[in-house]
$ cat entry14.cif   # mmCIF, C-alpha atoms
data_run
#
loop_
_atom_site.label_atom_id
_atom_site.label_comp_id
_atom_site.auth_asym_id
_atom_site.auth_seq_id
_atom_site.Cartn_x
_atom_site.Cartn_y
_atom_site.Cartn_z
CA MET O 13 -14.91 31.31 58.73
CA ALA O 14 -13.32 31.89 55.36
CA LEU O 15 -15.54 32.18 52.35
CA GLU O 16 -15.17 28.99 50.35
CA THR O 17 -17.06 30.35 47.46
CA ASN O 18 -17.36 32.88 44.74
CA PRO O 19 -18.74 36.24 45.80
CA PRO O 20 -22.38 36.80 44.95
CA SER O 21 -22.98 38.04 41.42
CA ILE O 22 -25.63 40.68 41.24
CA HIS O 23 -27.55 40.86 38.00
CA GLY O 24 -29.15 44.11 37.03
CA ALA O 25 -27.84 46.06 39.98
CA GLY O 26 -24.68 47.69 41.22
CA PRO O 27 -23.07 47.07 44.58
CA GLU O 28 -25.83 49.00 46.29
CA PRO O 29 -29.40 47.71 46.13
CA THR O 30 -30.74 49.45 43.04
CA ALA O 31 -34.17 49.47 41.46
CA VAL O 32 -34.07 48.12 37.90
CA ALA O 33 -37.22 50.09 37.16
CA PRO O 34 -39.03 52.61 39.31
CA SER O 35 -42.09 50.38 39.66
CA THR O 36 -40.31 47.09 40.41
CA PRO O 37 -37.34 47.19 42.75
CA SER O 38 -35.70 43.80 42.37
CA PHE O 39 -32.46 41.84 42.47
CA GLU O 40 -31.09 38.43 41.71
CA LEU O 41 -28.19 36.65 43.32
CA VAL O 42 -26.47 33.47 42.27
CA PHE O 43 -23.89 32.14 44.67
CA ARG O 44 -22.14 29.08 45.95
CA PRO O 45 -23.45 28.82 49.47
CA SER O 46 -21.64 28.94 52.74
CA VAL O 47 -22.91 29.91 56.17
CA ALA O 48 -20.83 33.07 56.14
CA LEU O 49 -22.23 34.09 52.78
CA ILE O 50 -25.82 33.54 53.92
CA THR O 51 -25.32 36.03 56.72
CA ILE O 52 -23.85 38.55 54.29
CA VAL O 53 -26.76 38.08 51.90
CA ARG O 54 -29.28 38.44 54.74
CA ARG O 55 -27.74 41.76 55.71
CA PHE O 56 -27.78 42.88 52.08
CA VAL O 57 -31.42 41.80 51.72
CA SER O 58 -32.39 43.56 54.95
CA GLU O 59 -30.77 46.73 53.67
CA PHE O 60 -32.59 46.36 50.35
CA TYR O 61 -35.96 45.99 52.06
CA SER O 62 -35.32 48.86 54.42
CA ARG O 63 -34.53 51.09 51.41
CA VAL O 64 -37.70 50.29 49.48
CA ILE O 65 -40.18 49.75 52.31
CA ASP O 66 -41.02 52.41 54.87
CA ASP O 67 -42.56 50.02 57.38
CA ALA O 68 -39.70 48.46 59.36
CA ASP O 69 -41.88 45.63 60.60
CA VAL O 70 -42.80 44.63 57.04
CA ALA O 71 -39.17 44.89 55.97
CA GLY O 72 -38.20 42.73 58.94
CA ARG O 73 -40.65 39.95 58.18
CA LEU O 74 -39.60 39.86 54.53
CA ALA O 75 -35.96 39.67 55.57
CA LEU O 76 -36.74 36.79 57.91
CA ALA O 77 -38.62 34.91 55.19
CA THR O 78 -35.82 35.49 52.70
CA HIS O 79 -33.21 34.22 55.13
CA GLU O 80 -35.15 31.05 55.90
CA LEU O 81 -35.66 30.26 52.23
CA LEU O 82 -32.07 30.98 51.40
CA GLU O 83 -30.65 28.95 54.25
CA ASN O 84 -32.75 25.93 53.34
CA ALA O 85 -31.76 26.20 49.69
CA ALA O 86 -28.10 26.56 50.56
CA LYS O 87 -28.18 23.75 53.10
CA TYR O 88 -29.66 21.18 50.75
CA THR O 89 -28.27 22.16 47.37
CA THR O 90 -26.46 19.43 45.51
CA GLY O 91 -25.43 21.53 42.55
CA GLY O 92 -23.30 23.99 44.43
CA GLU O 93 -25.20 27.05 43.30
CA THR O 94 -28.21 28.68 44.89
CA TYR O 95 -30.31 31.27 43.12
CA LEU O 96 -32.25 34.01 44.89
CA HIS O 97 -34.64 36.44 43.25
CA VAL O 98 -36.62 39.18 44.99
CA ASP O 99 -38.99 41.63 43.41
CA LEU O 100 -41.53 44.11 44.64
CA ASP O 101 -44.27 45.39 42.38
CA ARG O 102 -44.99 48.91 43.49
CA ALA O 103 -48.25 49.08 41.58
CA SER O 104 -49.85 46.09 43.28
CA GLY O 105 -47.74 45.94 46.44
CA ALA O 106 -46.92 42.31 45.64
CA VAL O 107 -43.57 40.92 46.72
CA THR O 108 -42.06 37.64 45.54
CA VAL O 109 -39.05 35.88 47.00
CA ARG O 110 -37.83 32.93 44.94
CA THR O 111 -35.05 30.42 45.59
CA ARG O 112 -33.92 27.77 43.15
CA ASN O 113 -31.42 24.97 43.65
CA ARG O 114 -30.72 21.39 42.68
CA THR O 115 -31.22 18.80 45.38
CA ASP O 116 -31.54 15.06 45.99
CA PRO O 117 -34.70 12.90 45.85
CA ALA O 118 -34.87 12.51 49.64
CA ARG O 119 -34.97 16.28 50.13
CA ILE O 120 -37.58 16.66 47.40
CA GLU O 121 -39.73 14.09 49.18
CA VAL O 122 -39.45 16.02 52.43
CA LEU O 123 -40.39 19.25 50.67
CA VAL O 124 -43.39 17.71 48.95
CA ARG O 125 -44.64 16.38 52.31
CA SER O 126 -44.06 19.76 53.97
CA PHE O 127 -45.96 21.62 51.27
CA ASP O 128 -48.78 19.09 51.45
CA ALA O 129 -49.03 19.73 55.20
CA LEU O 130 -49.00 23.48 54.61
CA SER O 131 -51.77 23.25 52.05
CA ARG O 132 -53.95 21.25 54.43
CA ALA O 133 -53.44 23.68 57.32
CA ALA O 134 -55.77 26.62 56.84
CA ASP O 135 -54.57 28.62 59.85
CA PRO O 136 -50.88 29.60 59.63
CA SER O 137 -50.62 30.36 63.37
CA ALA O 138 -52.18 27.07 64.46
CA HIS O 139 -50.01 25.16 62.01
CA TYR O 140 -46.87 26.94 63.21
CA ASN O 141 -47.72 26.24 66.82
CA SER O 142 -48.23 22.58 66.03
CA MET O 143 -44.93 22.48 64.12
CA LEU O 144 -43.18 24.04 67.13
CA ARG O 145 -44.53 21.23 69.31
CA ARG O 146 -43.48 18.60 66.78
CA SER O 147 -40.04 20.10 66.22
CA ALA O 148 -39.19 19.82 69.91
CA LEU O 149 -39.41 16.05 69.58
CA GLN O 150 -37.28 15.79 66.45
CA ALA O 151 -33.68 14.77 66.91
CA HIS O 152 -32.47 16.29 63.65
CA GLY O 153 -33.52 19.35 61.69
CA SER O 154 -36.19 21.77 62.79
CA GLY O 155 -38.73 21.46 60.00
CA LEU O 156 -39.87 24.92 61.05
CA GLY O 157 -38.65 27.11 58.20
CA LEU O 158 -41.66 26.97 55.90
CA ALA O 159 -44.20 27.30 58.71
CA ARG O 160 -42.23 30.21 60.11
CA ILE O 161 -42.20 31.96 56.73
CA ARG O 162 -45.94 31.53 56.36
CA CYS O 163 -46.81 32.61 59.90
CA GLU O 164 -44.17 35.15 60.93
CA GLY O 165 -43.41 36.27 57.37
CA GLU O 166 -47.10 36.40 56.42
CA MET O 167 -46.34 34.88 53.02
CA SER O 168 -47.93 32.17 50.92
CA LEU O 169 -45.66 29.49 49.52
CA ASP O 170 -45.55 27.27 46.47
CA LEU O 171 -43.18 24.59 45.29
CA VAL O 172 -42.18 23.75 41.72
CA VAL O 173 -40.11 20.63 41.11
CA THR O 174 -38.58 19.87 37.73
CA ASP O 175 -36.40 16.76 37.88
CA ASP O 176 -33.83 17.64 40.56
CA LEU O 177 -34.45 21.38 40.33
CA VAL O 178 -36.48 22.85 43.19
CA GLU O 179 -38.03 26.29 43.09
CA ILE O 180 -39.81 27.79 46.07
CA ASN O 181 -41.82 30.98 45.73
CA ALA O 182 -42.89 33.00 48.73
CA ARG O 183 -45.44 35.65 47.94
CA GLY O 184 -46.68 38.43 50.13
CA SER O 185 -47.87 41.97 50.00
CA ILE O 186 -46.76 45.32 51.23
CA PRO O 187 -49.53 47.32 52.84
CA ALA O 188 -50.55 50.49 51.04
CA GLY O 189 -48.46 53.38 52.28
CA ALA O 190 -45.57 51.20 53.42
CA GLN O 191 -43.48 51.64 50.27
CA SER O 192 -40.72 54.22 50.17
CA MET I 28 -20.65 32.77 88.63
CA SER I 29 -20.76 33.12 84.88
CA THR I 30 -19.89 31.12 81.80
CA MET I 31 -19.52 32.23 78.24
CA ALA I 32 -19.28 30.49 74.90
CA SER I 33 -19.10 31.80 71.40
CA THR I 34 -18.76 31.04 67.72
CA ASP I 35 -17.42 33.57 65.20
CA ALA I 36 -20.59 35.61 65.26
CA PHE I 37 -22.59 34.37 68.22
CA THR I 38 -22.07 34.50 71.96
CA ILE I 39 -24.01 33.07 74.86
CA ALA I 40 -23.21 34.15 78.41
CA VAL I 41 -24.81 32.66 81.51
CA SER I 42 -24.71 34.17 84.99
CA SER I 43 -26.42 33.33 88.26
CA GLY I 44 -28.40 35.68 90.48
CA PRO I 45 -30.11 35.11 93.83
CA SER I 46 -33.34 33.70 92.37
CA ALA I 47 -32.79 33.72 88.63
CA LEU I 48 -30.34 32.70 85.98
CA HIS I 49 -29.46 35.24 83.31
CA VAL I 50 -28.71 34.14 79.77
CA CYS I 51 -27.48 36.68 77.27
CA LEU I 52 -27.51 35.82 73.56
CA ALA I 53 -25.77 38.16 71.15
CA GLY I 54 -24.80 38.29 67.49
CA ASP I 55 -26.04 36.00 64.76
CA ALA I 56 -27.62 32.71 65.80
CA ASN I 57 -27.12 30.95 62.47
CA MET I 58 -26.29 27.39 61.38
CA ASN I 59 -22.92 27.60 63.12
CA ALA I 60 -24.54 28.40 66.46
CA VAL I 61 -27.07 25.56 66.63
CA ASP I 62 -25.03 23.01 68.59
CA GLN I 63 -23.55 25.60 70.93
CA LEU I 64 -26.96 26.99 71.75
CA GLY I 65 -28.44 23.53 72.32
CA HIS I 66 -25.67 22.46 74.68
CA SER I 67 -25.79 25.74 76.58
CA LEU I 68 -29.55 25.61 77.08
CA THR I 69 -29.31 22.04 78.34
CA ASP I 70 -26.73 23.29 80.82
CA VAL I 71 -28.91 26.25 81.81
CA HIS I 72 -31.88 23.97 82.42
CA GLY I 73 -29.84 21.69 84.65
CA LYS I 74 -28.52 24.62 86.67
CA ALA I 75 -31.95 26.23 87.01
CA VAL I 76 -33.55 23.03 88.29
CA LEU I 77 -30.66 22.30 90.64
CA ALA I 78 -30.72 25.82 92.06
CA GLY I 79 -34.51 25.90 92.37
CA ALA I 80 -34.59 29.06 90.30
CA SER I 81 -37.98 30.69 89.88
CA GLU I 82 -37.04 32.39 86.64
CA VAL I 83 -34.54 32.38 83.81
CA VAL I 84 -34.09 35.73 82.09
CA VAL I 85 -32.99 35.53 78.46
CA ASP I 86 -31.60 38.77 77.11
CA LEU I 87 -31.97 38.99 73.31
CA ARG I 88 -31.42 42.72 73.02
CA GLN I 89 -28.15 42.25 71.17
CA LEU I 90 -29.26 39.26 69.12
CA GLU I 91 -29.30 40.29 65.49
CA PHE I 92 -30.95 37.16 64.12
CA MET I 93 -32.00 33.64 65.03
CA ASN I 94 -32.59 31.00 62.37
CA SER I 95 -35.24 28.32 62.70
CA ALA I 96 -32.76 25.63 63.75
CA CYS I 97 -31.69 27.76 66.72
CA PHE I 98 -35.30 28.71 67.36
CA LYS I 99 -36.05 25.00 67.65
CA LYS I 100 -33.44 24.73 70.42
CA ILE I 101 -35.35 27.36 72.40
CA VAL I 102 -38.59 25.44 71.81
CA THR I 103 -36.97 22.19 72.96
CA TRP I 104 -35.78 23.92 76.11
CA ILE I 105 -39.27 25.24 76.87
CA THR I 106 -40.64 21.73 76.38
CA ARG I 107 -38.14 20.42 78.94
CA VAL I 108 -39.31 23.05 81.42
CA GLU I 109 -42.90 21.96 80.84
CA GLU I 110 -41.89 18.44 81.84
CA VAL I 111 -40.59 19.59 85.24
CA GLU I 112 -42.96 18.97 88.15
CA ALA I 113 -45.25 21.97 88.54
CA GLY I 114 -43.89 23.13 91.90
CA ALA I 115 -40.28 23.10 90.69
CA ARG I 116 -40.93 24.64 87.31
CA TYR I 117 -39.34 27.98 86.47
CA ARG I 118 -40.56 30.69 84.14
CA ILE I 119 -38.67 32.07 81.16
CA ARG I 120 -38.65 35.81 80.56
CA PHE I 121 -37.28 37.17 77.30
CA LEU I 122 -35.91 40.68 77.07
CA SER I 123 -36.42 41.89 73.50
CA ASN I 124 -35.26 44.75 71.37
CA PRO I 125 -38.10 46.51 69.53
CA LYS I 126 -35.64 47.75 66.93
CA ILE I 127 -34.87 44.18 65.89
CA HIS I 128 -38.16 43.45 64.22
CA TRP I 129 -38.14 39.66 63.85
CA GLN I 130 -38.07 39.37 67.64
CA ARG I 131 -41.63 40.61 68.14
CA ARG I 132 -43.15 37.91 65.93
CA SER I 133 -40.87 35.09 67.01
CA LEU I 134 -41.25 35.83 70.71
CA HIS I 135 -45.00 36.13 70.33
CA ALA I 136 -44.95 32.63 68.84
CA LEU I 137 -42.99 31.36 71.87
CA HIS I 138 -45.40 33.06 74.25
CA MET I 139 -48.36 31.43 72.50
CA PHE I 140 -46.54 28.10 72.54
CA ALA I 141 -46.20 28.12 76.34
CA ILE I 142 -48.37 30.93 77.59
CA ASP I 143 -47.98 30.06 81.29
CA LEU I 144 -44.19 29.75 81.16
CA VAL I 145 -42.97 32.34 78.68
CA SER I 146 -43.23 36.10 78.97
CA VAL I 147 -41.69 38.83 76.86
CA ASP I 148 -40.45 42.23 77.99
CA VAL I 149 -40.23 44.81 75.23
#

$ encode --input "entry14.cif" --output "structure tokens"
Amino acid sequence: MALETNPPSIHGAGPEPTAVAPSTPSFELVFRPSVALITIVRRFVSEFYSRVIDDADVAGRLALATHELLENAAKYTTGGETYLHVDLDRASGAVTVRTRNRTDPARIEVLVRSFDALSRAADPSAHYNSMLRRSALQAHGSGLGLARIRCEGEMSLDLVVTDDLVEINARGSIPAGAQS
Amino acid sequence: MSTMASTDAFTIAVSSGPSALHVCLAGDANMNAVDQLGHSLTDVHGKAVLAGASEVVVDLRQLEFMNSACFKKIVTWITRVEEVEAGARYRIRFLSNPKIHWQRRSLHALHMFAIDLVSVDV
């Protein structure tokens, strides 16, 4: 599939994943989404994580979470652009993955409901399992992305809505000793 | 007998053995692959039931990634197997690649979803 879009612009980094400061490896991407570009970004993100995190399992779960966030943002954006920001704080081991995009009121309503369900479900595994059961009955969409991020990605999630602008933050931690 | 289908970055190949069907997924199961995967798994289920297969082996060792929409297709398939009468039900065995790290967590979730039907070989 041909790229329909501008190539990703990388702020604060060169073509290779580069730490902007020794204590906080990070990057930001702004791009006009397409399926092909999401795959390219996922590979880039996976490479980034594998460079800054020694534990391949941790790097893998962060890559999965980043892909799910990015794909949802790209799928539902109405403004054309999707923003992705990732940073890892070496001092605390905290990692934040943030997507931001404009979307329509119906999508915002779905997100608000999904986050409400997440907040009421104390056990990520039980919630994910219940979402798997529910998703099998849905004709359209999976509705699994957020539950998958929380359970498989071991990340907490929050939603910020400002008019038609949606920001989702996924926050997790890197175990001590897992950083490169 | 074998069939094969693919998108730009995803392939699914199905072949029949004496008592099991073999399904091989490879590449990137992304948004482009969702419909193909769903149709293929519906086809696999029909063949497995018709043949009285005891097992379907799903080889993921060359599958780089699977998004949640494709993952849902797997879940839907497992749910269909659960609906088959107990004596005619087949098991699903996933072959995983320990070097592809998302597989461990995602396949564990599938195993927990249908513990009597789904097993995972590492």

$ residues_around --input "entry14.cif" --residues "stretch 115-128 of chain I" --least-positions-apart "5" --cutoff "9 Å" --atoms "all atoms listed in the file" --output "ChimeraX atom specification"
/O:68-73 /I:47,75-76,79-92,105,108-110,134,143-149

$ resolve_selection --input "entry14.cif" --expression "the PyMOL selection byres ((chain O) within 8 of (chain I))" --output "VMD selection string"
chain O and resid 13 47 51 68 to 69 72 to 73 76 79 to 80 141 144 to 145 147 to 149 153 to 154 156 to 157 160 164

$ atom_distance --input "entry14.cif" --atom1 "atom CA of O:Thr174" --atom2 "atom CA of O:Val53"
25.9 Å

$ atom_distance --input "entry14.cif" --atom1 "atom CA of O:Asp176" --atom2 "atom CA of O:Glu93"
13.1 Å

$ residues_around --input "entry14.cif" --residues "stretch 128-139 of chain O" --least-positions-apart "6" --cutoff "8 Å" --atoms "all atoms listed in the file" --output "short mmCIF file (atom, residue, chain, number, x, y, z; two decimals) with C-alpha atoms, in the coordinates of the input"
data_model
loop_
_atom_site.label_atom_id
_atom_site.label_comp_id
_atom_site.auth_asym_id
_atom_site.auth_seq_id
_atom_site.Cartn_x
_atom_site.Cartn_y
_atom_site.Cartn_z
CA ALA O 159 -44.20 27.30 58.71
CA ARG O 162 -45.94 31.53 56.36
CA CYS O 163 -46.81 32.61 59.90
#

$ atom_distance --input "entry14.cif" --atom1 "atom CA of O:Ile65" --atom2 "atom CA of O:Ile161"
18.4 Å

$ resolve_selection --input "entry14.cif" --expression "the PyMOL selection byres ((chain O and resi 58) around 9)" --output "CSV table (one decimal) with C-alpha atoms, keeping the file's coordinate frame"
chain,number,residue,atom,x,y,z
O,53,VAL,CA,-26.8,38.1,51.9
O,54,ARG,CA,-29.3,38.4,54.7
O,55,ARG,CA,-27.7,41.8,55.7
O,56,PHE,CA,-27.8,42.9,52.1
O,57,VAL,CA,-31.4,41.8,51.7
O,59,GLU,CA,-30.8,46.7,53.7
O,60,PHE,CA,-32.6,46.4,50.4
O,61,TYR,CA,-36.0,46.0,52.1
O,62,SER,CA,-35.3,48.9,54.4
O,63,ARG,CA,-34.5,51.1,51.4
O,71,ALA,CA,-39.2,44.9,56.0
O,72,GLY,CA,-38.2,42.7,58.9
O,74,LEU,CA,-39.6,39.9,54.5
O,75,ALA,CA,-36.0,39.7,55.6
O,76,LEU,CA,-36.7,36.8,57.9

$ closest_residue --input "entry14.cif" --among "O:Ser185, O:Asn113, O:Ser142, O:Ser168" --to "O:Ala85" --atoms "only C-alpha atoms"
O:Asn113

$ resolve_selection --input "entry14.cif" --expression "the PyMOL selection byres ((chain O and resi 94-111) around 8)" --output "PyMOL selection string"
chain O and resi 35-45+78+81-82+85-86+89+92-93+112-113+179-188+191

$ axis_aligned_box --input "entry14.cif" --around "stretch 34-53 of chain O" --padding-each-side "3 Å" --output "JSON"
{"center_x": -31.5, "center_y": 40.7, "center_z": 48.0, "size_x": 27.3, "size_y": 29.8, "size_z": 23.4}
